[in-house]
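Below is the file run.txt, which contains compact mmCIF, N, CA and C atoms.
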# COMPACT_ATOMS: atom_id res chain seq x y z
N MET B 391 48.46 -67.84 -32.39
CA MET B 391 48.54 -66.77 -31.41
C MET B 391 48.44 -67.39 -30.02
N SER B 392 49.16 -66.86 -29.12
CA SER B 392 49.23 -67.44 -27.78
C SER B 392 48.08 -66.98 -26.91
N ASP B 393 47.78 -67.82 -25.91
CA ASP B 393 46.78 -67.44 -24.92
C ASP B 393 47.23 -66.21 -24.14
N ALA B 394 48.54 -66.08 -23.94
CA ALA B 394 49.07 -64.92 -23.21
C ALA B 394 48.77 -63.63 -23.97
N ARG B 395 48.89 -63.68 -25.28
CA ARG B 395 48.59 -62.48 -26.08
C ARG B 395 47.10 -62.15 -26.01
N ASP B 396 46.25 -63.16 -26.15
CA ASP B 396 44.81 -62.94 -26.01
C ASP B 396 44.49 -62.35 -24.64
N LEU B 397 45.10 -62.90 -23.62
CA LEU B 397 44.88 -62.41 -22.26
C LEU B 397 45.24 -60.94 -22.14
N ARG B 398 46.35 -60.59 -22.69
CA ARG B 398 46.81 -59.18 -22.64
C ARG B 398 45.78 -58.24 -23.28
N TYR B 399 45.27 -58.62 -24.45
CA TYR B 399 44.29 -57.78 -25.14
C TYR B 399 42.93 -57.80 -24.44
N LEU B 400 42.54 -58.94 -23.89
CA LEU B 400 41.28 -58.99 -23.15
C LEU B 400 41.33 -58.07 -21.93
N ILE B 401 42.45 -58.06 -21.25
CA ILE B 401 42.60 -57.16 -20.09
C ILE B 401 42.52 -55.71 -20.54
N TYR B 402 43.17 -55.38 -21.65
CA TYR B 402 43.09 -54.01 -22.17
C TYR B 402 41.65 -53.64 -22.52
N ILE B 403 40.93 -54.55 -23.16
CA ILE B 403 39.54 -54.29 -23.51
C ILE B 403 38.71 -54.07 -22.25
N ARG B 404 38.90 -54.91 -21.24
CA ARG B 404 38.16 -54.75 -19.98
C ARG B 404 38.47 -53.40 -19.34
N GLU B 405 39.73 -53.01 -19.30
CA GLU B 405 40.11 -51.72 -18.71
C GLU B 405 39.53 -50.56 -19.51
N SER B 406 39.52 -50.69 -20.82
CA SER B 406 38.96 -49.63 -21.67
C SER B 406 37.46 -49.46 -21.43
N ILE B 407 36.76 -50.57 -21.33
CA ILE B 407 35.32 -50.50 -21.06
C ILE B 407 35.07 -49.82 -19.72
N ALA B 408 35.85 -50.17 -18.72
CA ALA B 408 35.69 -49.55 -17.39
C ALA B 408 35.93 -48.05 -17.46
N LEU B 409 36.95 -47.63 -18.19
CA LEU B 409 37.23 -46.19 -18.32
C LEU B 409 36.12 -45.48 -19.08
N ILE B 410 35.62 -46.09 -20.12
CA ILE B 410 34.51 -45.49 -20.88
C ILE B 410 33.29 -45.35 -19.98
N GLN B 411 32.97 -46.39 -19.24
CA GLN B 411 31.82 -46.33 -18.33
C GLN B 411 32.01 -45.24 -17.27
N SER B 412 33.21 -45.13 -16.77
CA SER B 412 33.49 -44.11 -15.77
C SER B 412 33.31 -42.70 -16.34
N ARG B 413 33.81 -42.50 -17.54
CA ARG B 413 33.75 -41.17 -18.16
C ARG B 413 32.36 -40.81 -18.66
N THR B 414 31.49 -41.78 -18.81
CA THR B 414 30.14 -41.50 -19.29
C THR B 414 29.09 -41.71 -18.21
N ARG B 415 29.53 -41.82 -16.99
CA ARG B 415 28.63 -42.08 -15.86
C ARG B 415 27.55 -41.00 -15.73
N ALA B 416 27.86 -39.78 -16.13
CA ALA B 416 26.89 -38.67 -16.00
C ALA B 416 25.74 -38.77 -17.01
N GLY B 417 25.82 -39.71 -17.93
CA GLY B 417 24.71 -39.94 -18.85
C GLY B 417 24.94 -39.40 -20.25
N ARG B 418 23.98 -39.71 -21.09
CA ARG B 418 24.04 -39.38 -22.51
C ARG B 418 24.13 -37.88 -22.75
N GLU B 419 23.33 -37.10 -22.09
CA GLU B 419 23.33 -35.65 -22.33
C GLU B 419 24.68 -35.04 -21.99
N ALA B 420 25.26 -35.46 -20.89
CA ALA B 420 26.58 -34.94 -20.51
C ALA B 420 27.62 -35.33 -21.58
N PHE B 421 27.55 -36.57 -22.05
CA PHE B 421 28.46 -37.02 -23.09
C PHE B 421 28.29 -36.18 -24.35
N MET B 422 27.06 -35.90 -24.72
CA MET B 422 26.78 -35.18 -25.97
C MET B 422 27.29 -33.74 -25.93
N HIS B 423 27.50 -33.19 -24.73
CA HIS B 423 27.88 -31.78 -24.61
C HIS B 423 29.28 -31.54 -24.07
N ASP B 424 30.03 -32.58 -23.80
CA ASP B 424 31.37 -32.41 -23.23
C ASP B 424 32.41 -32.94 -24.22
N VAL B 425 33.07 -32.05 -24.90
CA VAL B 425 34.04 -32.42 -25.94
C VAL B 425 35.22 -33.21 -25.35
N ASP B 426 35.64 -32.86 -24.14
CA ASP B 426 36.74 -33.60 -23.53
C ASP B 426 36.36 -35.06 -23.27
N VAL B 427 35.16 -35.27 -22.79
CA VAL B 427 34.68 -36.64 -22.57
C VAL B 427 34.55 -37.36 -23.91
N GLN B 428 34.01 -36.69 -24.90
CA GLN B 428 33.89 -37.30 -26.24
C GLN B 428 35.25 -37.74 -26.75
N ASP B 429 36.24 -36.85 -26.64
CA ASP B 429 37.58 -37.18 -27.12
C ASP B 429 38.15 -38.40 -26.42
N SER B 430 38.05 -38.43 -25.10
CA SER B 430 38.63 -39.55 -24.36
C SER B 430 37.88 -40.85 -24.64
N VAL B 431 36.58 -40.78 -24.75
CA VAL B 431 35.78 -41.98 -25.03
C VAL B 431 36.04 -42.48 -26.45
N LEU B 432 36.08 -41.57 -27.40
CA LEU B 432 36.34 -42.00 -28.78
C LEU B 432 37.72 -42.63 -28.92
N TRP B 433 38.70 -42.07 -28.23
CA TRP B 433 40.04 -42.66 -28.28
C TRP B 433 40.01 -44.08 -27.71
N ARG B 434 39.36 -44.25 -26.57
CA ARG B 434 39.29 -45.57 -25.95
C ARG B 434 38.52 -46.55 -26.82
N LEU B 435 37.43 -46.10 -27.42
CA LEU B 435 36.67 -46.97 -28.31
C LEU B 435 37.52 -47.39 -29.51
N GLN B 436 38.27 -46.45 -30.04
CA GLN B 436 39.11 -46.75 -31.19
C GLN B 436 40.19 -47.76 -30.83
N THR B 437 40.86 -47.57 -29.72
CA THR B 437 41.93 -48.50 -29.34
C THR B 437 41.37 -49.84 -28.87
N LEU B 438 40.21 -49.81 -28.23
CA LEU B 438 39.53 -51.05 -27.85
C LEU B 438 39.21 -51.85 -29.12
N ALA B 439 38.66 -51.18 -30.12
CA ALA B 439 38.34 -51.85 -31.38
C ALA B 439 39.60 -52.41 -32.04
N GLU B 440 40.68 -51.64 -32.01
CA GLU B 440 41.95 -52.11 -32.55
C GLU B 440 42.41 -53.36 -31.81
N ALA B 441 42.25 -53.38 -30.51
CA ALA B 441 42.66 -54.54 -29.70
C ALA B 441 41.87 -55.78 -30.08
N THR B 442 40.60 -55.63 -30.43
CA THR B 442 39.82 -56.81 -30.82
C THR B 442 40.38 -57.43 -32.10
N GLY B 443 40.97 -56.62 -32.94
CA GLY B 443 41.59 -57.14 -34.15
C GLY B 443 42.83 -57.96 -33.88
N LYS B 444 43.38 -57.84 -32.70
CA LYS B 444 44.60 -58.58 -32.32
C LYS B 444 44.28 -59.91 -31.64
N LEU B 445 43.00 -60.13 -31.30
CA LEU B 445 42.61 -61.38 -30.66
C LEU B 445 42.71 -62.53 -31.66
N SER B 446 43.00 -63.70 -31.17
CA SER B 446 43.15 -64.86 -32.05
C SER B 446 41.81 -65.23 -32.68
N ALA B 447 41.90 -65.82 -33.86
CA ALA B 447 40.70 -66.30 -34.55
C ALA B 447 39.99 -67.37 -33.71
N ALA B 448 40.76 -68.18 -33.01
CA ALA B 448 40.17 -69.23 -32.18
C ALA B 448 39.33 -68.63 -31.05
N LEU B 449 39.85 -67.61 -30.41
CA LEU B 449 39.11 -66.97 -29.33
C LEU B 449 37.84 -66.32 -29.87
N LYS B 450 37.95 -65.61 -30.97
CA LYS B 450 36.76 -64.96 -31.55
C LYS B 450 35.73 -65.98 -32.01
N ALA B 451 36.18 -67.12 -32.51
CA ALA B 451 35.24 -68.17 -32.91
C ALA B 451 34.52 -68.74 -31.69
N ARG B 452 35.26 -68.89 -30.60
CA ARG B 452 34.67 -69.41 -29.37
C ARG B 452 33.67 -68.43 -28.77
N LEU B 453 33.92 -67.14 -28.96
CA LEU B 453 33.05 -66.08 -28.43
C LEU B 453 32.24 -65.47 -29.57
N SER B 454 31.58 -66.32 -30.31
CA SER B 454 30.91 -65.90 -31.55
C SER B 454 29.67 -65.04 -31.34
N GLU B 455 29.22 -64.89 -30.11
CA GLU B 455 28.05 -64.02 -29.87
C GLU B 455 28.39 -62.54 -30.07
N ILE B 456 29.66 -62.21 -30.11
CA ILE B 456 30.10 -60.84 -30.38
C ILE B 456 30.34 -60.69 -31.88
N ARG B 457 29.88 -59.61 -32.43
CA ARG B 457 30.10 -59.32 -33.86
C ARG B 457 31.46 -58.63 -33.98
N TRP B 458 32.53 -59.42 -33.98
CA TRP B 458 33.89 -58.91 -33.94
C TRP B 458 34.21 -58.02 -35.13
N ARG B 459 33.73 -58.39 -36.29
CA ARG B 459 34.00 -57.59 -37.49
C ARG B 459 33.38 -56.18 -37.33
N ALA B 460 32.20 -56.11 -36.76
CA ALA B 460 31.55 -54.81 -36.54
C ALA B 460 32.31 -53.99 -35.50
N VAL B 461 32.79 -54.65 -34.45
CA VAL B 461 33.56 -53.94 -33.42
C VAL B 461 34.82 -53.35 -34.05
N TYR B 462 35.55 -54.17 -34.79
CA TYR B 462 36.76 -53.67 -35.43
C TYR B 462 36.43 -52.61 -36.48
N GLY B 463 35.30 -52.76 -37.13
CA GLY B 463 34.88 -51.78 -38.14
C GLY B 463 34.74 -50.39 -37.56
N PHE B 464 34.35 -50.30 -36.28
CA PHE B 464 34.25 -48.98 -35.66
C PHE B 464 35.61 -48.30 -35.62
N ARG B 465 36.66 -49.07 -35.47
CA ARG B 465 38.00 -48.50 -35.45
C ARG B 465 38.29 -47.78 -36.76
N ASN B 466 37.88 -48.38 -37.86
CA ASN B 466 38.10 -47.76 -39.16
C ASN B 466 37.30 -46.47 -39.31
N VAL B 467 36.09 -46.47 -38.82
CA VAL B 467 35.26 -45.26 -38.88
C VAL B 467 35.89 -44.17 -38.02
N ALA B 468 36.26 -44.52 -36.79
CA ALA B 468 36.84 -43.53 -35.88
C ALA B 468 38.15 -42.97 -36.41
N ALA B 469 38.95 -43.82 -37.06
CA ALA B 469 40.26 -43.39 -37.54
C ALA B 469 40.21 -42.68 -38.88
N HIS B 470 39.27 -43.05 -39.72
CA HIS B 470 39.30 -42.54 -41.09
C HIS B 470 38.06 -41.75 -41.52
N ALA B 471 36.93 -42.00 -40.88
CA ALA B 471 35.70 -41.31 -41.27
C ALA B 471 35.17 -40.47 -40.10
N TYR B 472 36.09 -39.92 -39.33
CA TYR B 472 35.74 -39.21 -38.10
C TYR B 472 34.81 -38.03 -38.35
N LEU B 473 34.84 -37.44 -39.53
CA LEU B 473 33.93 -36.33 -39.82
C LEU B 473 32.49 -36.80 -39.95
N ASP B 474 32.31 -38.08 -40.17
CA ASP B 474 30.98 -38.65 -40.32
C ASP B 474 30.47 -39.33 -39.05
N LEU B 475 31.28 -39.32 -37.99
CA LEU B 475 30.85 -39.93 -36.73
C LEU B 475 29.63 -39.21 -36.18
N ARG B 476 28.68 -40.00 -35.73
CA ARG B 476 27.49 -39.43 -35.11
C ARG B 476 27.51 -39.78 -33.63
N LEU B 477 27.48 -38.76 -32.80
CA LEU B 477 27.58 -38.99 -31.36
C LEU B 477 26.42 -39.81 -30.82
N ASP B 478 25.25 -39.69 -31.41
CA ASP B 478 24.13 -40.50 -30.94
C ASP B 478 24.41 -41.99 -31.18
N GLU B 479 25.07 -42.31 -32.28
CA GLU B 479 25.44 -43.70 -32.54
C GLU B 479 26.55 -44.17 -31.59
N VAL B 480 27.47 -43.30 -31.29
CA VAL B 480 28.53 -43.63 -30.33
C VAL B 480 27.90 -43.88 -28.96
N SER B 481 26.96 -43.05 -28.58
CA SER B 481 26.27 -43.22 -27.30
C SER B 481 25.53 -44.55 -27.26
N GLU B 482 24.94 -44.93 -28.37
CA GLU B 482 24.25 -46.23 -28.46
C GLU B 482 25.25 -47.38 -28.28
N ILE B 483 26.41 -47.25 -28.87
CA ILE B 483 27.45 -48.28 -28.69
C ILE B 483 27.79 -48.41 -27.20
N ILE B 484 27.97 -47.28 -26.55
CA ILE B 484 28.33 -47.27 -25.13
C ILE B 484 27.24 -47.91 -24.28
N GLU B 485 26.00 -47.54 -24.54
CA GLU B 485 24.89 -47.99 -23.71
C GLU B 485 24.43 -49.41 -24.01
N GLU B 486 24.47 -49.81 -25.28
CA GLU B 486 23.86 -51.08 -25.66
C GLU B 486 24.86 -52.18 -26.01
N HIS B 487 25.97 -51.83 -26.60
CA HIS B 487 26.88 -52.87 -27.09
C HIS B 487 28.06 -53.14 -26.14
N LEU B 488 28.55 -52.12 -25.47
CA LEU B 488 29.68 -52.35 -24.55
C LEU B 488 29.32 -53.29 -23.40
N PRO B 489 28.12 -53.20 -22.82
CA PRO B 489 27.82 -54.15 -21.73
C PRO B 489 27.88 -55.62 -22.17
N ALA B 490 27.44 -55.92 -23.40
CA ALA B 490 27.52 -57.29 -23.90
C ALA B 490 28.98 -57.71 -24.08
N LEU B 491 29.78 -56.83 -24.64
CA LEU B 491 31.20 -57.12 -24.80
C LEU B 491 31.86 -57.29 -23.44
N GLN B 492 31.51 -56.43 -22.51
CA GLN B 492 32.08 -56.53 -21.16
C GLN B 492 31.76 -57.88 -20.53
N CYS B 493 30.53 -58.31 -20.68
CA CYS B 493 30.11 -59.59 -20.10
C CYS B 493 30.92 -60.75 -20.68
N VAL B 494 31.10 -60.76 -21.98
CA VAL B 494 31.86 -61.83 -22.64
C VAL B 494 33.32 -61.78 -22.23
N VAL B 495 33.90 -60.59 -22.19
CA VAL B 495 35.31 -60.45 -21.81
C VAL B 495 35.52 -60.88 -20.36
N GLU B 496 34.66 -60.43 -19.48
CA GLU B 496 34.78 -60.82 -18.06
C GLU B 496 34.66 -62.33 -17.89
N SER B 497 33.73 -62.92 -18.60
CA SER B 497 33.53 -64.36 -18.53
C SER B 497 34.77 -65.11 -19.04
N GLU B 498 35.32 -64.65 -20.14
CA GLU B 498 36.52 -65.30 -20.69
C GLU B 498 37.72 -65.12 -19.77
N LEU B 499 37.88 -63.95 -19.19
CA LEU B 499 38.99 -63.73 -18.26
C LEU B 499 38.83 -64.60 -17.02
N ALA B 500 37.62 -64.76 -16.54
CA ALA B 500 37.38 -65.63 -15.38
C ALA B 500 37.69 -67.08 -15.74
N ALA B 501 37.29 -67.50 -16.92
CA ALA B 501 37.56 -68.87 -17.35
C ALA B 501 39.06 -69.11 -17.49
N GLN B 502 39.77 -68.13 -18.03
CA GLN B 502 41.22 -68.29 -18.19
C GLN B 502 41.94 -68.32 -16.85
N SER B 503 41.41 -67.59 -15.88
CA SER B 503 42.09 -67.57 -14.57
C SER B 503 41.87 -68.86 -13.79
N THR B 504 40.83 -69.62 -14.14
CA THR B 504 40.59 -70.88 -13.45
C THR B 504 41.04 -72.09 -14.25
N ASP B 505 41.55 -71.84 -15.47
CA ASP B 505 42.03 -72.92 -16.34
C ASP B 505 43.37 -73.43 -15.81
N PRO B 506 43.45 -74.71 -15.45
CA PRO B 506 44.70 -75.24 -14.88
C PRO B 506 45.82 -75.41 -15.90
N SER B 507 45.55 -75.29 -17.20
CA SER B 507 46.60 -75.53 -18.19
C SER B 507 47.50 -74.38 -18.42
Have the structure of the file written as structure tokens, please.
Amino acid sequence: MSDARDLRYLIYIRESIALIQSRTRAGREAFMHDVDVQDSVLWRLQTLAEATGKLSAALKARLSEIRWRAVYGFRNVAAHAYLDLRLDEVSEIIEEHLPALQCVVESELAAQSTDPS
């Protein structure tokens, strides 16, 4: 897989995280009670998770602090087990896990932009 392809998906993941953060800025309670926000956030989480599945094995191995299988696993839950989704768990993903992913993605994008090769 090419670095250009990884770059494309990393940018999408970064943009998705930013949109999720923007839409949930009002906090957990607002998220729990606004169906439109839930829909938009769940869609972004699902496509973000799908995008992680497109990243190269080499990149994921290099960024091993992220539990990539778990991230992609959320895509399967959102797409196929949506009746079992718990909003409190989704909120936990947003508050606790997305910032770590964001940090790793931002760091990798910065490293790629300064890589002379």
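Each of B:Val494, B:Asp424, B:Glu479, B:Ala441 was compared to B:Tyr402 using all atoms listed in the file, and B:Ala441 turns out to be the nearest.
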Margin query: What's the separation between atom CA of B:Met422 and atom CA of B:Arg465, in Å to one decimal place?
Written below: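 Separation of atom CA of B:Met422 and atom CA of B:Arg465: 19.8 Å.
Atom CA of B:Tyr462 lies 13.0 Å from atom CA of B:His487.
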Checklist line | Two-atom distance - atom CA of B:Arg418, atom C of B:Ser481 (Å) | finding: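 A separation of 7.2 Å between them.
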Next item on the list: Might you pull out every residue within 7 Å of stretch 407-412 of chain B, with all atoms listed in the file counted and same-chain residues fewer than 4 positions away left off, and present them as a VMD selection string?
Entry: chain B and resid 402 to 403 416 430 to 431 434 488 492
Margin query: Just list as a PyMOL selection string whatever in stretch 394-506 of chain B DSSP marks as alpha helix (DSSP H).
Written below: chain B and resi 394-413+418-423+425-442+447-452+458-470+477-482+488-504
